[in-house]
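**Student:** Input structure-v5.pdb, format and content: PDB, C-alpha atoms.
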ATOM      1  CA  CYS A 295      -8.220  12.896  -8.323
ATOM      2  CA  CYS A 296     -10.177  11.338 -11.184
ATOM      3  CA  LEU A 297     -10.695   7.879  -9.671
ATOM      4  CA  LEU A 298     -13.607   8.847  -7.432
ATOM      5  CA  ASP A 299     -15.329  10.937 -10.079
ATOM      6  CA  GLU A 300     -16.909   9.539 -13.252
ATOM      7  CA  ILE A 301     -14.895   6.322 -12.952
ATOM      8  CA  PHE A 302     -16.469   5.631  -9.570
ATOM      9  CA  VAL A 303     -19.917   6.223 -11.060
ATOM     10  CA  VAL A 304     -19.318   3.637 -13.804
ATOM     11  CA  PHE A 305     -17.842   0.882 -11.660
ATOM     12  CA  GLY A 306     -20.074   1.691  -8.695
ATOM     13  CA  THR A 307     -23.121   1.279 -10.913
ATOM     14  CA  LEU A 308     -21.850  -2.147 -11.964
ATOM     15  CA  ARG A 309     -21.555  -3.167  -8.330
ATOM     16  CA  LEU A 310     -25.045  -1.961  -7.484
ATOM     17  CA  ARG A 311     -26.441  -3.842 -10.469
ATOM     18  CA  ASP A 312     -24.452  -7.074 -10.469
ATOM     19  CA  GLU A 313     -23.805  -7.675  -6.774
ATOM     20  CA  LEU A 314     -26.684  -5.942  -5.012
ATOM     21  CA  GLY A 315     -29.403  -6.363  -7.638
ATOM     22  CA  ALA A 316     -30.298  -2.679  -7.869
ATOM     23  CA  SER A 317     -32.686  -1.654 -10.621
ATOM     24  CA  PRO A 318     -31.730   1.051 -13.150
ATOM     25  CA  GLN A 319     -33.970   3.483 -11.260
ATOM     26  CA  VAL A 320     -32.177   2.795  -7.975
ATOM     27  CA  GLN A 321     -28.783   3.134  -9.672
ATOM     28  CA  ALA A 322     -29.749   6.513 -11.103
ATOM     29  CA  LEU A 323     -31.169   7.633  -7.752
ATOM     30  CA  ALA A 324     -28.012   6.523  -5.920
ATOM     31  CA  PHE A 325     -25.605   8.532  -8.010
ATOM     32  CA  GLY A 326     -28.022  11.418  -8.402
ATOM     33  CA  LEU A 327     -28.051  11.740  -4.624
ATOM     34  CA  GLY A 328     -24.308  11.166  -4.723
ATOM     35  CA  ALA A 329     -23.899  14.259  -6.892
ATOM     36  CA  LEU A 330     -25.876  16.261  -4.342
ATOM     37  CA  ALA A 331     -23.701  14.850  -1.549
ATOM     38  CA  ALA A 332     -20.590  15.900  -3.480
ATOM     39  CA  ALA A 333     -21.977  19.415  -3.892
ATOM     40  CA  LEU A 334     -22.671  19.509  -0.156
ATOM     41  CA  GLY A 335     -19.115  18.327   0.462
ATOM     42  CA  LEU A 336     -17.748  21.241  -1.557
ATOM     43  CA  VAL A 337     -19.858  23.725   0.389
ATOM     44  CA  LEU A 338     -18.900  22.249   3.759
ATOM     45  CA  GLY A 339     -15.256  22.109   2.735
ATOM     46  CA  GLU A 340     -15.270  25.783   1.830
ATOM     47  CA  ARG A 341     -16.846  26.672   5.167
ATOM     48  CA  LEU A 342     -14.439  24.480   7.153
ATOM     49  CA  LEU A 343     -11.376  25.961   5.496
ATOM     50  CA  VAL A 344     -12.106  29.183   7.355
ATOM     51  CA  ARG A 345     -11.453  27.387  10.655
ATOM     52  CA  VAL A 346      -9.328  24.354   9.757
ATOM     53  CA  GLU A 347      -5.850  24.272   8.227
ATOM     54  CA  PRO A 348      -6.110  22.983   4.596
ATOM     55  CA  LEU A 349      -3.736  20.024   4.920
ATOM     56  CA  ARG A 350      -5.439  18.881   8.106
ATOM     57  CA  LEU A 351      -8.838  19.006   6.405
ATOM     58  CA  LEU A 352      -7.354  17.156   3.439
ATOM     59  CA  ARG A 353      -6.008  14.364   5.640
ATOM     60  CA  VAL A 354      -9.296  14.032   7.541
ATOM     61  CA  SER A 355     -11.263  13.950   4.281
ATOM     62  CA  CYS A 356      -8.951  11.273   2.871
ATOM     63  CA  ALA A 357      -9.241   9.126   5.997
ATOM     64  CA  ALA A 358     -13.025   9.429   6.136
ATOM     65  CA  CYS A 359     -13.324   8.763   2.405
ATOM     66  CA  ALA A 360     -11.101   5.662   2.574
ATOM     67  CA  LEU A 361     -12.945   4.235   5.589
ATOM     68  CA  ALA A 362     -16.353   4.848   4.024
ATOM     69  CA  PHE A 363     -15.192   3.308   0.756
ATOM     70  CA  VAL A 364     -13.890   0.153   2.445
ATOM     71  CA  ALA A 365     -17.174  -0.140   4.345
ATOM     72  CA  TRP A 366     -19.080   0.372   1.073
ATOM     73  CA  LEU A 367     -17.159  -2.506  -0.495
ATOM     74  CA  TRP A 368     -17.816  -4.688   2.556
ATOM     75  CA  VAL A 369     -21.570  -4.348   3.033
ATOM     76  CA  ASP A 370     -24.005  -6.492   1.092
ATOM     77  CA  SER A 371     -27.139  -4.535   1.988
ATOM     78  CA  LEU A 372     -28.490  -2.227  -0.698
ATOM     79  CA  VAL A 373     -29.714   0.362   1.807
ATOM     80  CA  ALA A 374     -26.394   0.436   3.676
ATOM     81  CA  SER A 375     -24.549   0.597   0.377
ATOM     82  CA  LEU A 376     -26.548   3.643  -0.732
ATOM     83  CA  ALA A 377     -25.918   5.404   2.583
ATOM     84  CA  LEU A 378     -22.164   4.731   2.485
ATOM     85  CA  LEU A 379     -21.994   5.785  -1.160
ATOM     86  CA  LEU A 380     -23.266   9.221  -0.128
ATOM     87  CA  VAL A 381     -20.570   9.423   2.560
ATOM     88  CA  VAL A 382     -17.880   8.532   0.001
ATOM     89  CA  GLU A 383     -19.097  11.253  -2.376
ATOM     90  CA  LEU A 384     -19.338  13.779   0.456
ATOM     91  CA  CYS A 385     -15.776  13.145   1.635
ATOM     92  CA  ALA A 386     -14.197  12.818  -1.815
ATOM     93  CA  ALA A 387     -15.541  16.121  -3.138
ATOM     94  CA  PRO A 388     -13.073  18.473  -1.365
ATOM     95  CA  LEU A 389      -9.955  16.492  -2.340
ATOM     96  CA  TYR A 390      -9.270  17.970  -5.771
ATOM     97  CA  PRO A 391      -9.978  21.641  -4.907
ATOM     98  CA  ILE A 392      -7.721  21.514  -1.848
ATOM     99  CA  CYS A 393      -4.982  19.645  -3.726
ATOM    100  CA  ALA A 394      -5.091  22.160  -6.580
ATOM    101  CA  ALA A 395      -5.004  25.118  -4.209
ATOM    102  CA  GLN A 396      -2.078  23.648  -2.262
ATOM    103  CA  ALA A 397      -0.167  22.903  -5.455
ATOM    104  CA  TYR A 398      -0.389  26.537  -6.540
ATOM    105  CA  ALA A 399       0.393  27.739  -3.013
ATOM    106  CA  CYS A 400       3.536  25.583  -2.843
ATOM    107  CA  LYS A 401       4.861  27.012  -6.106
ATOM    108  CA  PRO A 402       4.188  30.757  -5.993
ATOM    109  CA  GLY A 403       5.110  32.381  -9.256
ATOM    110  CA  GLU A 404       5.214  29.012 -11.041
ATOM    111  CA  SER A 405       1.576  28.598 -11.953
ATOM    112  CA  GLY A 406       2.631  27.574 -15.456
ATOM    113  CA  LEU A 407       4.509  24.547 -14.139
ATOM    114  CA  VAL A 408       1.575  23.494 -11.943
ATOM    115  CA  ALA A 409      -0.917  23.939 -14.798
ATOM    116  CA  ALA A 410       1.362  21.977 -17.146
ATOM    117  CA  LEU A 411       1.587  19.065 -14.712
ATOM    118  CA  ASP A 412      -2.163  19.121 -14.189
ATOM    119  CA  SER A 413      -2.726  19.013 -17.947
ATOM    120  CA  ALA A 414      -0.121  16.289 -18.385
ATOM    121  CA  LEU A 415      -1.987  14.080 -15.931
ATOM    122  CA  GLY A 416      -5.091  14.282 -18.106
ATOM    123  CA  TRP A 417      -4.081  11.046 -19.821
ATOM    124  CA  LEU A 418      -4.930   9.207 -16.596
ATOM    125  CA  GLN A 419      -8.609   9.900 -17.182
ATOM    126  CA  ILE A 420      -8.323   7.898 -20.419
ATOM    127  CA  VAL A 421      -5.979   5.136 -19.283
ATOM    128  CA  ALA A 422      -7.498   4.534 -15.823
ATOM    129  CA  PRO A 423     -10.920   3.267 -17.019
ATOM    130  CA  LEU A 424      -9.224   0.957 -19.534
ATOM    131  CA  GLY A 425      -6.842  -0.417 -16.915
ATOM    132  CA  LEU A 426      -9.604  -0.862 -14.348
ATOM    133  CA  GLY A 427     -11.751  -2.563 -16.971
ATOM    134  CA  LEU A 428      -8.965  -5.048 -17.680
ATOM    135  CA  ILE A 429      -8.548  -5.684 -13.957
ATOM    136  CA  ALA A 430     -12.292  -6.222 -13.516
ATOM    137  CA  ASP A 431     -12.419  -8.571 -16.506
ATOM    138  CA  ARG A 432      -9.428 -10.631 -15.384
ATOM    139  CA  TRP A 433      -9.596 -10.561 -11.568
ATOM    140  CA  GLY A 434     -13.071  -9.328 -10.727
ATOM    141  CA  LEU A 435     -15.000  -6.139 -10.085
ATOM    142  CA  GLU A 436     -14.112  -6.008  -6.378
ATOM    143  CA  LEU A 437     -10.391  -5.693  -7.089
ATOM    144  CA  ALA A 438     -11.016  -2.994  -9.686
ATOM    145  CA  LEU A 439     -13.090  -1.051  -7.169
ATOM    146  CA  ALA A 440     -10.433  -1.527  -4.488
ATOM    147  CA  CYS A 441      -7.951   0.182  -6.831
ATOM    148  CA  LEU A 442     -10.009   3.363  -6.488
ATOM    149  CA  LEU A 443      -8.642   3.608  -2.946
ATOM    150  CA  LEU A 444      -5.427   4.822  -4.556
ATOM    151  CA  GLN A 445      -6.964   8.303  -4.685
ATOM    152  CA  PRO A 446      -7.581   8.962  -0.972
ATOM    153  CA  LEU A 447      -4.510   6.975   0.097
ATOM    154  CA  GLY A 448      -2.238   8.694  -2.416
ATOM    155  CA  VAL A 449      -3.519  12.143  -1.531
ATOM    156  CA  ALA A 450      -3.102  11.365   2.175
ATOM    157  CA  LEU A 451       0.513  10.334   1.511
ATOM    158  CA  LEU A 452       1.217  13.623  -0.230
ATOM    159  CA  ALA A 453      -0.552  15.625   2.472
ATOM    160  CA  GLY A 454       1.167  13.821   5.324
ATOM    161  CA  GLY A 455       4.702  13.718   3.962
ATOM    162  CA  ASP A 456       7.339  16.397   3.869
ATOM    163  CA  GLN A 457       8.212  18.421   0.790
ATOM    164  CA  LYS A 458      10.876  15.921  -0.309
ATOM    165  CA  THR A 459       8.422  13.020  -0.129
ATOM    166  CA  ALA A 460       5.788  14.941  -2.069
ATOM    167  CA  GLY A 461       8.392  16.028  -4.609
ATOM    168  CA  SER A 462       9.537  12.434  -5.067
ATOM    169  CA  VAL A 463       5.965  11.297  -5.678
ATOM    170  CA  VAL A 464       5.504  14.054  -8.269
ATOM    171  CA  LEU A 465       8.812  13.096  -9.894
ATOM    172  CA  GLY A 466       7.711   9.470 -10.056
ATOM    173  CA  THR A 467       4.480  10.547 -11.686
ATOM    174  CA  GLY A 468       6.444  12.618 -14.194
ATOM    175  CA  LEU A 469       8.646   9.638 -15.040
ATOM    176  CA  ALA A 470       5.556   7.472 -15.549
ATOM    177  CA  ILE A 471       4.035  10.064 -17.866
ATOM    178  CA  TYR A 472       7.297  10.397 -19.811
ATOM    179  CA  GLY A 473       7.575   6.615 -20.136
ATOM    180  CA  MET A 474       3.996   6.339 -21.350
ATOM    181  CA  ASP A 475       4.612   9.098 -23.893
ATOM    182  CA  LEU A 476       7.732   7.346 -25.222
ATOM    183  CA  TRP A 477       5.892   4.054 -25.406
ATOM    184  CA  CYS A 478       3.105   5.626 -27.470
ATOM    185  CA  ASN A 479       5.393   7.924 -29.493
ATOM    186  CA  PRO A 480       8.983   6.599 -29.651
ATOM    187  CA  LYS A 481      10.002   9.492 -31.889
ATOM    188  CA  HIS A 482       9.679  11.818 -28.856
ATOM    189  CA  PHE A 483      12.815  10.214 -27.403
ATOM    190  CA  GLY A 484      14.972  12.762 -29.176
ATOM    191  CA  GLU A 485      13.054  15.754 -27.824
ATOM    192  CA  LEU A 486      14.622  17.575 -24.879
ATOM    193  CA  ALA A 487      11.535  19.287 -23.415
ATOM    194  CA  GLY A 488      10.482  16.223 -21.425
ATOM    195  CA  VAL A 489      14.023  15.692 -20.119
ATOM    196  CA  PHE A 490      14.242  19.327 -19.010
ATOM    197  CA  ILE A 491      10.952  19.078 -17.096
ATOM    198  CA  LEU A 492      12.009  15.824 -15.386
ATOM    199  CA  THR A 493      15.353  17.376 -14.451
ATOM    200  CA  LYS A 494      13.592  20.366 -12.926
ATOM    201  CA  LEU A 495      11.235  18.099 -10.977
ATOM    202  CA  ALA A 496      14.192  16.069  -9.688
ATOM    203  CA  LEU A 497      15.974  19.215  -8.511
ATOM    204  CA  ARG A 498      12.828  20.558  -6.858
ATOM    205  CA  ALA A 499      12.228  17.221  -5.121
ATOM    206  CA  HIS A 500      15.572  17.686  -3.380
ATOM    207  CA  GLY A 501      15.056  21.379  -2.643
ATOM    208  CA  ILE A 502      17.516  22.621  -5.283
ATOM    209  CA  GLU A 503      16.732  25.670  -7.365
ATOM    210  CA  SER A 504      16.592  24.703 -11.031
ATOM    211  CA  PRO A 505      18.998  26.422 -13.447
ATOM    212  CA  ILE A 506      16.674  25.538 -16.329
ATOM    213  CA  GLY A 507      14.425  28.481 -15.621
ATOM    214  CA  ARG A 508      10.748  28.850 -14.989
ATOM    215  CA  VAL A 509       8.240  26.818 -16.972
TER
END
Do you think you could lay out the structure here as structure tokens?

**Tutor:**
Amino acid sequence: CCLLDEIFVVFGTLRLRDELGASPQVQALAFGLGALAAALGLVLGERLLVRVEPLRLLRVSCAACALAFVAWLWVDSLVASLALLLVVELCAAPLYPICAAQAYACKPGESGLVAALDSALGWLQIVAPLGLGLIADRWGLELALACLLLQPLGVALLAGGDQKTAGSVVLGTGLAIYGMDLWCNPKHFGELAGVFILTKLALRAHGIESPIGRV
């Protein structure tokens, strides 16, 4: 859930400056208020979880976030853009906490595996800005911003699918991470730790208890 965090601030600022003509003061005000909206979203999310089932709240937040983001990309008014930006920040804020809580809840007694996967995905925070920058440079800022929709849409897919679908998505992510690691460090090909983790993820995706043991 890193796409609608600092990455959104960077590329959103470029849109406010280059396409809507916002001054540096307006840019700072927009994302300063956005941070307050995100904090409000966390508070509201915590209150709503008392009454609403977590996955339902997650799906609603994803839908609202995606719709607000598409509208934000569509409008060409600075005032409307600022208002929709606050809605995006408000709706995006609860996504990561709920996802993290559900990940730990789905794997009771396997917090180490969940924490390891969360740490392994940290490389996305480095690669994503570089990839989005290349997309913006080659095909335009709008397409790069549209790629940020992968966060709410991807989370909604995980929240709306069954355990096998979610497990398959996690397995695919693990394969991507393993491939990236081999590409950067070919000498890791001979190490078995990555293969063991991928095997365990594949078994879990199909509801089979892993004989490899707990990670």

**Student:** Just the number, please: distance in Å from CA of Ala450 (chain A) to CA of Arg353 (chain A), one decimal.

**Tutor:**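 We find that CA of Ala450 (chain A) and CA of Arg353 (chain A) lie 5.4 Å from each other.
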
**Student:** Counting all atoms listed in the file, which residue out of A:Leu380, A:Ala438, A:Leu451, A:Ile392 sits closest to Leu330 (chain A)?

**Tutor:**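 Among the listed residues, the smallest separation from Leu330 (chain A) belongs to A:Leu380.
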
**Student:** Taking all listed atoms of region 432-449 of chain A, build the axis-aligned box, pad each of the six sides by 8 Å, then write its centre and edge lengths in Å to one decimal as lines of an AutoDock Vina configuration file.

**Tutor:**
center_x = -8.6
center_y = 0.8
center_z = -7.6
size_x = 28.8
size_y = 38.8
size_z = 31.5

**Student:** Find the residues near Cys356 (chain A): any atom within 9 Å, counting all atoms listed in the file, skip ones fewer than 4 places away on the same chain, and give them as number ranges by chain.

**Tutor:** A: 351-352, 360-361, 385-386, 389, 445-450

**Student:** How many Å lie between CA of Ala332 (chain A) and CA of Pro388 (chain A), rounded to one decimal?

**Tutor:**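 According to the coordinates, CA of Ala332 (chain A) and CA of Pro388 (chain A) are separated by 8.2 Å.
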
**Student:** Rank nothing, just name the residue among A:Leu439, A:Ala324, A:Ala399, A:Leu297 nearest to Trp368 (chain A), using all atoms listed in the file.

**Tutor:** A:Leu439
